[in-house]
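Enquirer: What follows is query-v6.cif, mmCIF, C-alpha atoms and all ligand atoms.
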data_entry
#
loop_
_atom_site.label_atom_id
_atom_site.label_comp_id
_atom_site.auth_asym_id
_atom_site.auth_seq_id
_atom_site.Cartn_x
_atom_site.Cartn_y
_atom_site.Cartn_z
CA MET A 94 -68.31 18.45 -47.21
CA ALA A 95 -67.68 14.76 -46.53
CA ASP A 96 -68.36 12.21 -49.20
CA SER A 97 -70.26 9.10 -48.19
CA SER A 98 -67.42 6.72 -49.07
CA PRO A 99 -64.61 6.79 -46.52
CA ILE A 100 -61.09 7.53 -47.66
CA ASP A 101 -59.32 4.24 -47.86
CA ASP A 102 -55.66 4.73 -47.20
CA ALA A 103 -54.83 1.05 -47.35
CA PRO A 104 -52.08 0.31 -49.86
CA PRO A 105 -53.18 -1.54 -52.96
CA PRO A 106 -52.73 -5.31 -52.93
CA ALA A 107 -49.09 -6.30 -53.25
CA ALA A 108 -49.68 -8.03 -56.58
CA ALA A 109 -51.17 -4.90 -58.12
CA GLU A 110 -48.29 -2.85 -56.72
CA ALA A 111 -45.72 -5.21 -58.20
CA ASN A 112 -47.32 -4.98 -61.66
CA ALA A 113 -47.77 -1.21 -61.65
CA THR A 114 -45.74 0.94 -63.99
CA TYR A 115 -44.45 4.01 -62.23
CA ASP A 116 -44.27 7.12 -64.37
CA PHE A 117 -41.92 9.82 -63.10
CA SER A 118 -42.73 12.37 -65.80
CA ALA A 119 -42.76 15.96 -64.55
CA ALA A 120 -45.63 16.92 -66.84
CA ALA A 121 -48.40 15.60 -64.58
CA GLY A 122 -48.37 14.03 -61.13
CA PRO A 123 -49.90 10.69 -60.20
CA LEU A 124 -53.05 10.82 -58.12
CA PRO A 125 -52.95 8.89 -54.85
CA THR A 126 -54.34 5.38 -55.37
CA PRO A 127 -57.32 5.74 -52.96
CA VAL A 128 -58.29 8.96 -54.71
CA ILE A 129 -58.35 7.25 -58.09
CA ALA A 130 -60.72 4.62 -56.74
CA ARG A 131 -63.10 7.28 -55.44
CA ILE A 132 -63.03 9.24 -58.66
CA ALA A 133 -63.67 6.10 -60.70
CA ALA A 134 -66.79 5.41 -58.64
CA ALA A 135 -67.91 9.05 -58.89
CA CYS A 136 -67.57 8.94 -62.69
CA ARG A 137 -70.51 6.55 -62.62
CA ASN A 138 -72.49 8.43 -60.00
CA TRP A 139 -71.62 11.10 -57.47
CA ARG A 140 -74.02 11.40 -54.54
CA GLY A 141 -77.02 10.84 -56.77
CA CYS A 142 -76.12 13.87 -58.91
CA GLY A 143 -75.06 11.84 -61.94
CA SER A 144 -71.57 11.38 -63.29
CA ALA A 145 -68.72 13.52 -61.95
CA LEU A 146 -67.65 13.88 -65.57
CA SER A 147 -70.59 16.14 -66.39
CA LEU A 148 -71.35 18.17 -63.29
CA PRO A 149 -73.55 21.23 -63.99
CA PHE A 150 -71.80 24.17 -62.36
CA THR A 151 -75.15 25.88 -61.85
CA SER A 152 -76.37 23.24 -59.37
CA GLU A 153 -76.25 23.76 -55.62
CA ALA A 154 -74.11 20.62 -55.23
CA CYS A 155 -71.47 22.14 -57.54
CA ARG A 156 -71.59 25.49 -55.78
CA GLU A 157 -70.97 23.65 -52.53
CA LEU A 158 -68.14 21.66 -54.13
CA MET A 159 -66.45 24.91 -55.20
CA ARG A 160 -67.00 26.51 -51.79
CA ASP A 161 -65.55 23.50 -50.00
CA THR A 162 -62.59 23.24 -52.39
CA ARG A 163 -61.79 26.90 -51.71
CA ALA A 164 -62.20 26.47 -47.96
CA ARG A 165 -59.97 23.38 -47.86
CA MET A 166 -57.28 25.12 -49.93
CA CYS A 167 -57.33 28.12 -47.61
CA ARG A 168 -57.01 25.82 -44.62
CA VAL A 169 -54.28 23.57 -46.04
CA LEU A 170 -52.19 26.46 -47.42
CA ALA A 171 -53.09 28.88 -44.57
CA ILE A 172 -54.28 31.48 -47.08
CA PRO A 173 -55.45 34.55 -45.13
CA GLY A 174 -58.64 36.57 -45.75
CA THR A 175 -56.53 39.28 -47.41
CA HIS A 176 -56.29 37.01 -50.46
CA ASP A 177 -58.96 35.54 -52.75
CA VAL A 178 -58.80 32.13 -54.42
CA LEU A 179 -59.75 31.98 -58.10
CA PHE A 180 -60.34 28.88 -60.20
CA LEU A 181 -59.37 29.69 -63.78
CA GLN A 182 -58.29 27.91 -66.95
CA GLY A 183 -55.41 28.27 -69.40
CA GLY A 184 -52.67 26.72 -67.28
CA ALA A 185 -49.70 28.46 -65.71
CA SER A 186 -48.67 29.58 -69.20
CA ALA A 187 -51.76 31.78 -69.49
CA GLN A 188 -50.77 33.40 -66.20
CA PHE A 189 -47.44 34.42 -67.72
CA SER A 190 -49.56 37.00 -69.62
CA LEU A 191 -52.37 37.47 -67.13
CA VAL A 192 -50.18 38.44 -64.20
CA PRO A 193 -48.81 41.54 -65.97
CA LEU A 194 -52.18 42.29 -67.58
CA ASN A 195 -53.89 42.25 -64.18
CA LEU A 196 -51.24 43.67 -61.89
CA LEU A 197 -49.23 46.30 -63.71
CA GLY A 198 -51.62 49.18 -62.95
CA GLN A 199 -49.81 52.50 -63.31
CA ALA A 200 -46.35 50.96 -63.04
CA GLY A 201 -44.79 50.31 -66.40
CA SER A 202 -42.33 47.67 -65.27
CA ALA A 203 -42.03 44.37 -63.48
CA ALA A 204 -38.97 42.50 -62.20
CA TYR A 205 -38.31 38.85 -62.96
CA LEU A 206 -35.91 36.70 -61.00
CA ILE A 207 -34.34 34.39 -63.53
CA SER A 208 -33.59 31.08 -61.88
CA GLY A 209 -34.06 28.73 -64.81
CA TYR A 210 -36.16 27.70 -67.78
CA TRP A 211 -39.67 28.48 -66.51
CA SER A 212 -38.87 31.87 -64.99
CA ARG A 213 -37.31 32.86 -68.32
CA ARG A 214 -40.45 31.74 -70.15
CA ALA A 215 -42.59 33.83 -67.78
CA MET A 216 -40.40 36.89 -68.33
CA GLU A 217 -40.39 36.54 -72.10
CA GLU A 218 -44.16 36.47 -72.15
CA ALA A 219 -44.47 39.47 -69.79
CA GLY A 220 -42.11 41.38 -72.09
CA ARG A 221 -44.98 41.60 -74.57
CA TYR A 222 -46.90 43.81 -72.13
CA CYS A 223 -44.39 45.80 -70.11
CA ASN A 224 -40.77 46.62 -69.45
CA VAL A 225 -39.19 43.70 -67.70
CA ARG A 226 -36.15 43.90 -65.49
CA ALA A 227 -34.33 40.57 -65.41
CA LEU A 228 -32.55 39.78 -62.15
CA ASP A 229 -30.07 36.93 -62.18
CA TRP A 230 -30.40 34.48 -59.36
CA ASN A 231 -27.04 33.86 -57.76
CA GLY A 232 -28.03 30.41 -56.58
CA ALA A 233 -28.47 31.49 -52.94
CA SER A 234 -31.20 29.86 -50.94
CA ASP A 235 -32.15 33.25 -49.44
CA TRP A 236 -31.91 35.70 -52.34
CA GLU A 237 -33.29 39.17 -51.49
CA ALA A 238 -34.27 42.28 -53.47
CA PRO A 239 -34.77 45.19 -51.05
CA TRP A 240 -33.69 47.77 -53.64
CA LEU A 241 -36.66 47.36 -56.01
CA ASP A 242 -38.57 50.65 -56.32
CA GLU A 243 -42.26 50.10 -55.67
CA ARG A 244 -43.21 53.27 -57.61
CA ARG A 245 -41.92 51.85 -60.88
CA ILE A 246 -41.93 48.08 -60.41
CA ALA A 247 -45.38 46.52 -59.98
CA TYR A 248 -44.18 43.15 -58.71
CA LEU A 249 -41.25 40.77 -58.49
CA HIS A 250 -41.96 37.48 -60.26
CA VAL A 251 -40.30 34.32 -58.99
CA THR A 252 -40.65 30.65 -59.92
CA SER A 253 -40.61 28.89 -56.59
CA ASN A 254 -39.47 25.58 -58.10
CA GLU A 255 -37.73 25.29 -61.45
CA THR A 256 -39.18 22.08 -62.86
CA ALA A 257 -36.68 21.76 -65.72
CA ASP A 258 -33.55 22.73 -63.75
CA GLY A 259 -34.23 20.90 -60.51
CA THR A 260 -33.81 23.85 -58.14
CA GLN A 261 -36.10 25.33 -55.51
CA LEU A 262 -36.03 28.77 -53.89
CA ARG A 263 -36.03 27.66 -50.27
CA GLU A 264 -36.80 31.17 -49.02
CA LEU A 265 -39.00 33.40 -51.11
CA PRO A 266 -37.36 36.84 -51.52
CA HIS A 267 -38.02 39.86 -49.34
CA ALA A 268 -38.74 42.89 -51.48
CA ARG A 269 -40.65 46.16 -51.15
CA VAL A 270 -42.87 45.13 -54.05
CA PRO A 271 -45.40 42.28 -53.93
CA LEU A 272 -44.23 38.88 -55.08
CA ALA A 273 -45.86 37.12 -58.04
CA ILE A 274 -45.11 33.43 -57.68
CA ASP A 275 -45.34 30.58 -60.13
CA MET A 276 -45.77 27.71 -57.68
CA THR A 277 -46.77 25.13 -60.30
CA SER A 278 -44.28 22.43 -59.36
CA ASP A 279 -44.10 22.76 -55.58
CA VAL A 280 -47.53 23.95 -54.47
CA PHE A 281 -48.92 22.02 -51.51
CA THR A 282 -45.43 21.07 -50.36
CA ARG A 283 -44.87 23.99 -47.96
CA HIS A 284 -46.39 27.10 -46.41
CA LEU A 285 -45.95 30.39 -48.21
CA PRO A 286 -45.38 33.89 -46.75
CA TRP A 287 -48.72 35.32 -47.85
CA GLU A 288 -47.93 38.73 -46.35
CA ARG A 289 -45.29 39.15 -49.08
CA ILE A 290 -47.36 37.70 -51.92
CA GLY A 291 -49.42 39.72 -54.40
CA VAL A 292 -50.37 36.75 -56.54
CA ALA A 293 -49.46 33.06 -56.51
CA TYR A 294 -50.58 30.80 -59.32
CA CYS A 295 -50.19 27.27 -60.56
CA ALA A 296 -51.47 24.75 -63.02
CA MET A 297 -52.92 21.93 -60.93
CA GLN A 298 -51.97 18.81 -62.88
CA LYS A 299 -48.74 18.20 -60.99
CA ALA A 300 -49.83 18.68 -57.40
CA ILE A 301 -53.45 17.89 -56.76
CA GLY A 302 -55.31 17.25 -59.91
CA VAL A 303 -55.64 16.96 -63.62
CA ALA A 304 -54.96 19.51 -66.34
CA GLY A 305 -57.68 22.10 -66.83
CA LEU A 306 -57.75 23.90 -63.51
CA THR A 307 -55.50 26.86 -62.77
CA LEU A 308 -55.33 28.16 -59.23
CA VAL A 309 -54.75 31.90 -58.72
CA VAL A 310 -54.46 33.32 -55.20
CA VAL A 311 -54.51 37.11 -55.38
CA ARG A 312 -54.31 39.84 -52.76
CA ARG A 313 -57.69 41.53 -52.72
CA ASP A 314 -56.33 45.09 -52.69
CA LEU A 315 -54.60 44.40 -56.02
CA LEU A 316 -57.88 43.57 -57.74
CA GLY A 317 -59.37 46.04 -60.21
CA ARG A 318 -56.16 47.03 -62.00
CA ALA A 319 -56.67 44.98 -65.14
CA ARG A 320 -55.62 46.67 -68.34
CA ALA A 321 -58.49 47.79 -70.59
CA GLY A 322 -59.34 45.09 -73.08
CA VAL A 323 -58.48 42.11 -70.87
CA PRO A 324 -61.14 39.47 -71.58
CA CYS A 325 -63.65 39.23 -68.75
CA VAL A 326 -62.83 35.56 -68.08
CA PHE A 327 -59.21 36.58 -67.45
CA ASP A 328 -59.93 39.65 -65.35
CA TYR A 329 -59.08 38.67 -61.76
CA ALA A 330 -61.55 41.24 -60.34
CA ALA A 331 -64.44 39.98 -62.49
CA GLN A 332 -63.73 36.37 -61.54
CA SER A 333 -63.39 37.32 -57.88
CA THR A 334 -66.73 39.16 -57.86
CA ASN A 335 -68.42 36.22 -59.58
CA GLY A 336 -66.93 33.41 -57.50
CA SER A 337 -64.88 32.11 -60.49
CA ARG A 338 -68.13 31.55 -62.37
CA VAL A 339 -67.88 34.19 -65.10
CA ASN A 340 -67.99 31.21 -67.44
CA THR A 341 -68.24 27.44 -66.93
CA PRO A 342 -65.54 26.39 -64.46
CA PRO A 343 -63.60 23.15 -65.16
CA MET A 344 -65.84 21.13 -62.86
CA PHE A 345 -64.23 17.72 -63.30
CA ALA A 346 -60.76 19.11 -62.58
CA LEU A 347 -62.24 20.85 -59.54
CA PHE A 348 -63.83 17.60 -58.47
CA VAL A 349 -60.47 15.84 -58.66
CA ALA A 350 -58.72 18.63 -56.75
CA HIS A 351 -61.39 18.40 -54.07
CA ALA A 352 -60.90 14.64 -53.76
CA VAL A 353 -57.14 15.09 -53.34
CA LEU A 354 -57.70 17.83 -50.75
CA GLU A 355 -59.91 15.44 -48.78
CA TRP A 356 -57.12 12.88 -48.99
CA ILE A 357 -54.57 15.47 -47.79
CA ASP A 358 -56.81 16.34 -44.84
CA ALA A 359 -57.30 12.67 -44.00
CA SER A 360 -53.55 12.03 -44.30
CA GLY A 361 -52.60 14.66 -41.71
CA GLY A 362 -52.63 17.88 -43.74
CA LEU A 363 -49.74 19.76 -45.26
CA PRO A 364 -47.20 18.83 -42.54
CA ALA A 365 -47.73 15.10 -43.12
CA VAL A 366 -47.77 15.36 -46.91
CA SER A 367 -44.64 17.53 -47.07
CA THR A 368 -42.78 15.38 -44.54
CA ALA A 369 -43.46 12.30 -46.66
CA LEU A 370 -42.40 14.12 -49.81
CA ALA A 371 -39.16 15.33 -48.18
CA ARG A 372 -38.43 11.79 -46.98
CA ARG A 373 -38.85 10.40 -50.50
CA SER A 374 -36.64 13.08 -52.05
CA ARG A 375 -33.91 12.52 -49.43
CA GLN A 376 -34.04 8.78 -50.14
CA LEU A 377 -33.62 9.35 -53.86
CA TYR A 378 -30.86 11.99 -53.64
CA LYS A 379 -29.02 9.76 -51.19
CA VAL A 380 -28.97 6.89 -53.67
CA ILE A 381 -27.92 9.20 -56.54
CA ASP A 382 -25.07 10.62 -54.43
CA SER A 383 -23.97 7.23 -53.18
CA CYS A 384 -23.91 5.87 -56.74
CA ALA A 385 -21.50 8.60 -57.86
CA SER A 386 -19.67 6.26 -60.22
CA ALA A 387 -22.79 6.04 -62.40
CA PHE A 388 -24.88 9.18 -61.66
CA HIS A 389 -24.51 12.82 -60.76
CA ALA A 390 -26.99 15.46 -59.59
CA ASP A 391 -25.59 18.93 -60.16
CA ALA A 392 -27.94 21.30 -58.33
CA PRO A 393 -26.23 22.59 -55.16
CA SER A 394 -27.62 20.71 -52.17
CA ALA A 395 -28.95 23.92 -50.52
CA VAL A 396 -31.34 24.48 -53.43
CA ARG A 397 -32.03 20.97 -54.68
CA SER A 398 -35.66 20.60 -55.55
CA PRO A 399 -37.64 18.03 -53.55
CA THR A 400 -40.14 17.62 -56.40
CA SER A 401 -38.03 17.87 -59.59
CA ILE A 402 -35.07 15.59 -59.07
CA CYS A 403 -32.67 16.19 -61.95
CA PHE A 404 -29.66 13.96 -62.42
CA ASP A 405 -27.74 12.29 -65.22
CA LEU A 406 -25.63 9.33 -66.18
CA ARG A 407 -21.86 9.72 -65.95
CA ASP A 408 -21.42 7.63 -69.05
CA PRO A 409 -23.75 8.71 -71.89
CA HIS A 410 -22.92 5.48 -73.71
CA ARG A 411 -24.96 3.61 -71.13
CA ALA A 412 -28.14 5.62 -71.83
CA ARG A 413 -29.74 2.88 -73.90
CA GLN A 414 -28.92 0.22 -71.34
CA PHE A 415 -30.40 2.43 -68.62
CA SER A 416 -33.66 3.10 -70.41
CA ASP A 417 -34.06 -0.58 -71.33
CA GLU A 418 -33.54 -1.60 -67.73
CA ALA A 419 -35.97 1.07 -66.51
CA GLN A 420 -38.60 -0.15 -68.93
CA ARG A 421 -38.04 -3.77 -67.92
CA ARG A 422 -38.70 -2.80 -64.29
CA GLY A 423 -41.88 -0.82 -65.05
CA ILE A 424 -40.34 2.62 -64.68
CA ALA A 425 -41.24 5.34 -67.20
CA GLY A 426 -40.93 9.08 -67.75
CA LEU A 427 -37.33 9.59 -66.61
CA ALA A 428 -36.23 11.77 -69.56
CA GLY A 429 -35.24 15.27 -68.49
CA HIS A 430 -36.87 18.39 -69.93
CA SER A 431 -36.34 18.72 -73.68
CA LYS A 432 -34.34 21.95 -73.21
CA THR A 433 -32.13 20.82 -70.34
CA GLY A 434 -31.72 17.12 -71.10
CA GLY A 435 -30.41 14.53 -68.65
CA LEU A 436 -32.68 12.48 -66.41
CA ARG A 437 -35.38 13.66 -64.06
CA ALA A 438 -37.72 12.02 -61.59
CA ALA A 439 -40.76 13.99 -60.47
CA ASN A 440 -41.64 13.42 -56.84
CA TYR A 441 -45.07 14.99 -56.48
CA ILE A 442 -47.64 14.68 -53.71
CA GLY A 443 -49.19 11.57 -55.21
CA THR A 444 -45.86 9.79 -55.82
CA SER A 445 -45.81 6.65 -53.72
CA ASP A 446 -43.08 5.27 -51.47
CA ALA A 447 -43.21 2.11 -53.58
CA ALA A 448 -42.44 4.08 -56.75
CA ILE A 449 -39.42 5.79 -55.19
CA SER A 450 -38.15 2.52 -53.73
CA ARG A 451 -38.35 0.84 -57.11
CA LEU A 452 -36.45 3.72 -58.72
CA CYS A 453 -33.81 3.63 -55.97
CA ASP A 454 -33.33 -0.11 -56.56
CA LEU A 455 -32.88 0.52 -60.29
CA LEU A 456 -30.21 3.17 -59.66
CA ALA A 457 -28.36 1.10 -57.09
CA ASP A 458 -28.37 -2.04 -59.26
CA PHE A 459 -27.34 -0.10 -62.34
CA ALA A 460 -24.40 1.43 -60.49
CA ALA A 461 -23.26 -1.86 -58.95
CA PRO A 462 -19.92 -3.09 -60.35
CA ARG A 463 -20.50 -5.46 -63.26
N1 LIG B 1 -44.45 26.85 -64.74
C1 LIG B 1 -43.79 25.78 -64.30
C2 LIG B 1 -42.85 25.92 -63.14
C3 LIG B 1 -43.99 24.54 -64.91
O1 LIG B 1 -43.33 23.47 -64.47
C4 LIG B 1 -44.90 24.44 -65.99
C5 LIG B 1 -45.18 23.12 -66.68
N2 LIG B 1 -44.24 22.17 -66.61
C6 LIG B 1 -45.55 25.59 -66.41
C7 LIG B 1 -45.31 26.78 -65.76
C8 LIG B 1 -46.53 25.56 -67.56
O2 LIG B 1 -47.71 24.96 -67.15
P1 LIG B 1 -48.89 24.70 -68.20
O3 LIG B 1 -48.35 23.81 -69.26
O4 LIG B 1 -49.96 24.06 -67.40
O5 LIG B 1 -49.29 26.02 -68.75
#
Have the structure of the file written as structure tokens, please.
Expert:
Amino acid sequence: MADSSPIDDAPPPAAAEANATYDFSAAAGPLPTPVIARIAAACRNWRGCGSALSLPFTSEACRELMRDTRARMCRVLAIPGTHDVLFLQGGASAQFSLVPLNLLGQAGSAAYLISGYWSRRAMEEAGRYCNVRALDWNGASDWEAPWLDERRIAYLHVTSNETADGTQLRELPHARVPLAIDMTSDVFTRHLPWERIGVAYCAMQKAIGVAGLTLVVVRRDLLGRARAGVPCVFDYAAQSTNGSRVNTPPMFALFVAHAVLEWIDASGGLPAVSTALARRSRQLYKVIDSCASAFHADAPSAVRSPTSICFDLRDPHRARQFSDEAQRRGIAGLAGHSKTGGLRAANYIGTSDAAISRLCDLLADFAAPR
């Protein structure tokens, strides 16, 4: 499904770039500049269907939009036919409950790899519905769990990227039970081992969209196990059978995701996008490490997150000076997560080279001897 307006990858005019404020908050990712321009135009009129802000999901154009979004996701993430793609609502937090409610089946327990703040949150929520077995991550990039008993443990939940702690599981574990993955803060940055995955889910506002759309990729043979009483809109099998149209899908969020997927395709697909993201994260970590008199990043280099770059000032007394200087240079959103503190720069798919360069300049200048 190609839109009539071509994707314009040209950088914005230098003057606009210089005046832009770059927000590094982890809560939501920036959309690529050309995508914003397309969406702005579509808010007035999209292909003669009216505003993209009020798309009727019952129309053929919207059905096609959903079909094409699903097809592009499957292509970009290499999702095999064994898995179905669901478009839901409620954010990743809703999935903390819906994964156990949909997947437990006869097994009374699930295992949770605890690697940081978000995996703990997921486990605490699941504890309301089943026995949870907490497994402590030892910080290894290739943590494995071959001993889990598939007769008693329905799935092993992992958080592929810990947004608050700044760590990423480079290798997803091998286990005899299916993996349930919260991929909210590193989806669309790498390929996943679908043959090991029972369900992978994410809120979309960080990677390729705006809040409102939750992506759930579930292995088809795990459908139909929902606990009695699960609301129909949250029953994976019901949503799968009905093409994610049990109720009104979040059409605008889907529209935005589709526009970003078109941009990813036009930019060279997942390899190009993830190479650019890795380059930006290397650039930033390099500056942090080389400015060791002023900053430190504590995550071990083997598991440093490319998307959630957590660091801190050596001298807390300079915090005010740092935030004033950041503000003066048009840099916002550097505060770390409220529970972990420190500083953090999100480097999501839509983060620009110009934003990272400006942040690197700030760090280098701040660390320079006075
Ligand atoms: N999981 C992870 C890894 C996250 O980073 C977040 C949000 N920062 C969530 C879950 C929760 O997402 P939401 O607020 O969309 O429910």
Enquirer: Using only C-alpha atoms, determine which residues lie at most 8 Å from A:Pro286, disregarding the query and same-chain residues fewer than 3 positions distant; provide the list as a VMD selection string.
Expert: chain A and resid 265 289 to 290
Enquirer: Using all atoms listed in the file, which of the listed residues (A:Gly201, A:Phe459, A:Ala359, A:Arg214) sits closest to A:Asp408?
Expert: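 Once distances to A:Asp408 are computed over all atoms listed in the file, the minimum belongs to A:Phe459.
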Enquirer: Restrict the calculation to all atoms listed in the file, then for each residue of chain A with any atom at most 7 Å from an atom of ligand LIG 1 (chain B) give the closest atom pair and their distance in Å to one decimal, rows by chain and rising residue number, as CSV.
Expert:
residue,atom,partner,partner_atom,distance
A:Ala119,CA,B:LIG1,N2,6.7
A:Ala120,CA,B:LIG1,N2,5.4
A:Gly183,CA,B:LIG1,O5,6.6
A:Gly184,CA,B:LIG1,O5,3.8
A:Ala185,CA,B:LIG1,O5,3.9
A:Ser186,CA,B:LIG1,O5,3.6
A:Ala187,CA,B:LIG1,O5,6.3
A:Trp211,CA,B:LIG1,C2,5.3
A:Thr252,CA,B:LIG1,C2,6.1
A:Asn254,CA,B:LIG1,C2,6.1
A:Glu255,CA,B:LIG1,C2,5.4
A:Thr256,CA,B:LIG1,O1,4.7
A:Ala257,CA,B:LIG1,O1,7.0
A:Asp275,CA,B:LIG1,N1,6.0
A:Met276,CA,B:LIG1,C2,6.4
A:Thr277,CA,B:LIG1,C2,4.9
A:Ser278,CA,B:LIG1,O1,5.3
A:Ala296,CA,B:LIG1,O4,4.7
A:Ala304,CA,B:LIG1,O4,6.8
Enquirer: Write out as CSV the residues of stretch 113-214 of chain A that have any atom within 10 Å of an atom of stretch 235-242 of chain A, one row each with the nearest atom pair and its distance in Å to one decimal, counting only C-alpha atoms, sorted by chain and then rising number.
Expert:
residue,atom,partner,partner_atom,distance
A:Ala203,CA,A:Leu241,CA,9.7
A:Ala204,CA,A:Leu241,CA,8.2
A:Leu206,CA,A:Ala238,CA,9.5
Enquirer: Grab the residues selected above and save them as a PDB file, in the coordinates of the input with C-alpha atoms.
Expert:
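Printed below is out-v3.pdb as written:
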ATOM      1  CA  ALA A 203     -42.030  44.370 -63.480  1.00  0.00           C
ATOM      2  CA  ALA A 204     -38.970  42.500 -62.200  1.00  0.00           C
ATOM      3  CA  LEU A 206     -35.910  36.700 -61.000  1.00  0.00           C
TER       4      LEU A 206
END
Enquirer: Select, from A:Ser416, A:Thr175, A:Ser212, A:Gln199, the residue with the minimum atom-to-atom distance to A:Glu243, counting all atoms listed in the file.
Expert: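 For A:Glu243, the nearest of the given residues is A:Gln199.
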Enquirer: Using all atoms listed in the file, which protein or nucleic acid residues come within 10 Å of A:Val323? Drop anything in the same chain fewer than 4 positions from it, and give the result as a compact mmCIF listing (two decimals) with C-alpha atoms, in the frame of the given file.
Expert:
# COMPACT_ATOMS: atom_id res chain seq x y z
CA LEU A 191 -52.37 37.47 -67.13
CA LEU A 194 -52.18 42.29 -67.58
CA ASN A 195 -53.89 42.25 -64.18
CA ALA A 319 -56.67 44.98 -65.14
CA PHE A 327 -59.21 36.58 -67.45
CA ASP A 328 -59.93 39.65 -65.35
CA TYR A 329 -59.08 38.67 -61.76
Enquirer: What separation in Å, quoted to one decimal, exists between atom CA of A:Pro125 and atom CA of A:Gly443?
Expert: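 Between these atoms lies a distance of 4.6 Å.
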Enquirer: Report, in Å with one decimal, the straight-line distance from atom CA of A:Thr341 to atom CA of A:Phe150.
Expert: 6.7 Å
Enquirer: Which is closest to A:Ala457 among A:Arg168, A:Lys432, A:Lys379, A:Arg213, if we use all atoms listed in the file?
Expert: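 Counting all atoms listed in the file, the residue closest to A:Ala457 is A:Lys379.
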Enquirer: Restricting the calculation to only C-alpha atoms, which member of A:Gly322, A:Gly305, A:Pro393, A:Pro173 is positioned closest to A:His284?
Expert: A:Pro173
Enquirer: From the list A:Gly141, A:Gly259, A:Gly434, A:Gly361, which residue is nearest A:Ser401 when using all atoms listed in the file?
Expert: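 Result for the nearest residue to A:Ser401: A:Gly259.
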Enquirer: Which residues come within 10 Å of A:Ala154, counting all atoms listed in the file, excluding same-chain residues fewer than 5 positions away, as an NGL selection string?
Expert: :A and (140 or 142 or 148-149 or 159-160)
Enquirer: Report, in Å with one decimal, the straight-line distance from atom CA of A:Gly423 to atom CA of A:Gln261.
Expert: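 One can read the atom CA of A:Gly423 to atom CA of A:Gln261 distance as 28.4 Å.
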Enquirer: Between A:Arg283, A:Arg226, A:Arg411, A:His389, which is the closest to A:Ser253 once you count only C-alpha atoms?
Expert: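 That would be A:Arg283, the residue with the smallest distance to A:Ser253.
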Enquirer: Could you give me, as number ranges by chain, the residues within 10 Å of A:Leu196, counting only C-alpha atoms and dropping anything in the same chain fewer than 6 positions from it?
Expert: A: 203, 247-248, 271, 273, 291-292, 311, 315-320, 329
Enquirer: Skip A:Ile129 itself and residues of its chain fewer than 6 positions away, then list as a PDB file with C-alpha atoms, in the frame of the given file all residues within 10 Å of it, counting only C-alpha atoms.
Expert:
ATOM      1  CA  PRO A 123     -49.900  10.690 -60.200  1.00  0.00           C
ATOM      2  CA  ALA A 135     -67.910   9.050 -58.890  1.00  0.00           C
ATOM      3  CA  VAL A 349     -60.470  15.840 -58.660  1.00  0.00           C
ATOM      4  CA  ALA A 352     -60.900  14.640 -53.760  1.00  0.00           C
ATOM      5  CA  VAL A 353     -57.140  15.090 -53.340  1.00  0.00           C
TER       6      VAL A 353
END
Enquirer: Using all atoms listed in the file, can you list as a PDB file with C-alpha atoms, in the coordinates of the input the residues within 7 Å of (-36.3, 37.2, -62.1)?
Expert:
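Result written to point03.pdb:
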ATOM      1  CA  ALA A 204     -38.970  42.500 -62.200  1.00  0.00           C
ATOM      2  CA  TYR A 205     -38.310  38.850 -62.960  1.00  0.00           C
ATOM      3  CA  LEU A 206     -35.910  36.700 -61.000  1.00  0.00           C
ATOM      4  CA  ILE A 207     -34.340  34.390 -63.530  1.00  0.00           C
ATOM      5  CA  SER A 208     -33.590  31.080 -61.880  1.00  0.00           C
ATOM      6  CA  SER A 212     -38.870  31.870 -64.990  1.00  0.00           C
ATOM      7  CA  ALA A 227     -34.330  40.570 -65.410  1.00  0.00           C
ATOM      8  CA  LEU A 228     -32.550  39.780 -62.150  1.00  0.00           C
ATOM      9  CA  ASP A 229     -30.070  36.930 -62.180  1.00  0.00           C
ATOM     10  CA  HIS A 250     -41.960  37.480 -60.260  1.00  0.00           C
ATOM     11  CA  VAL A 251     -40.300  34.320 -58.990  1.00  0.00           C
TER      12      VAL A 251
END
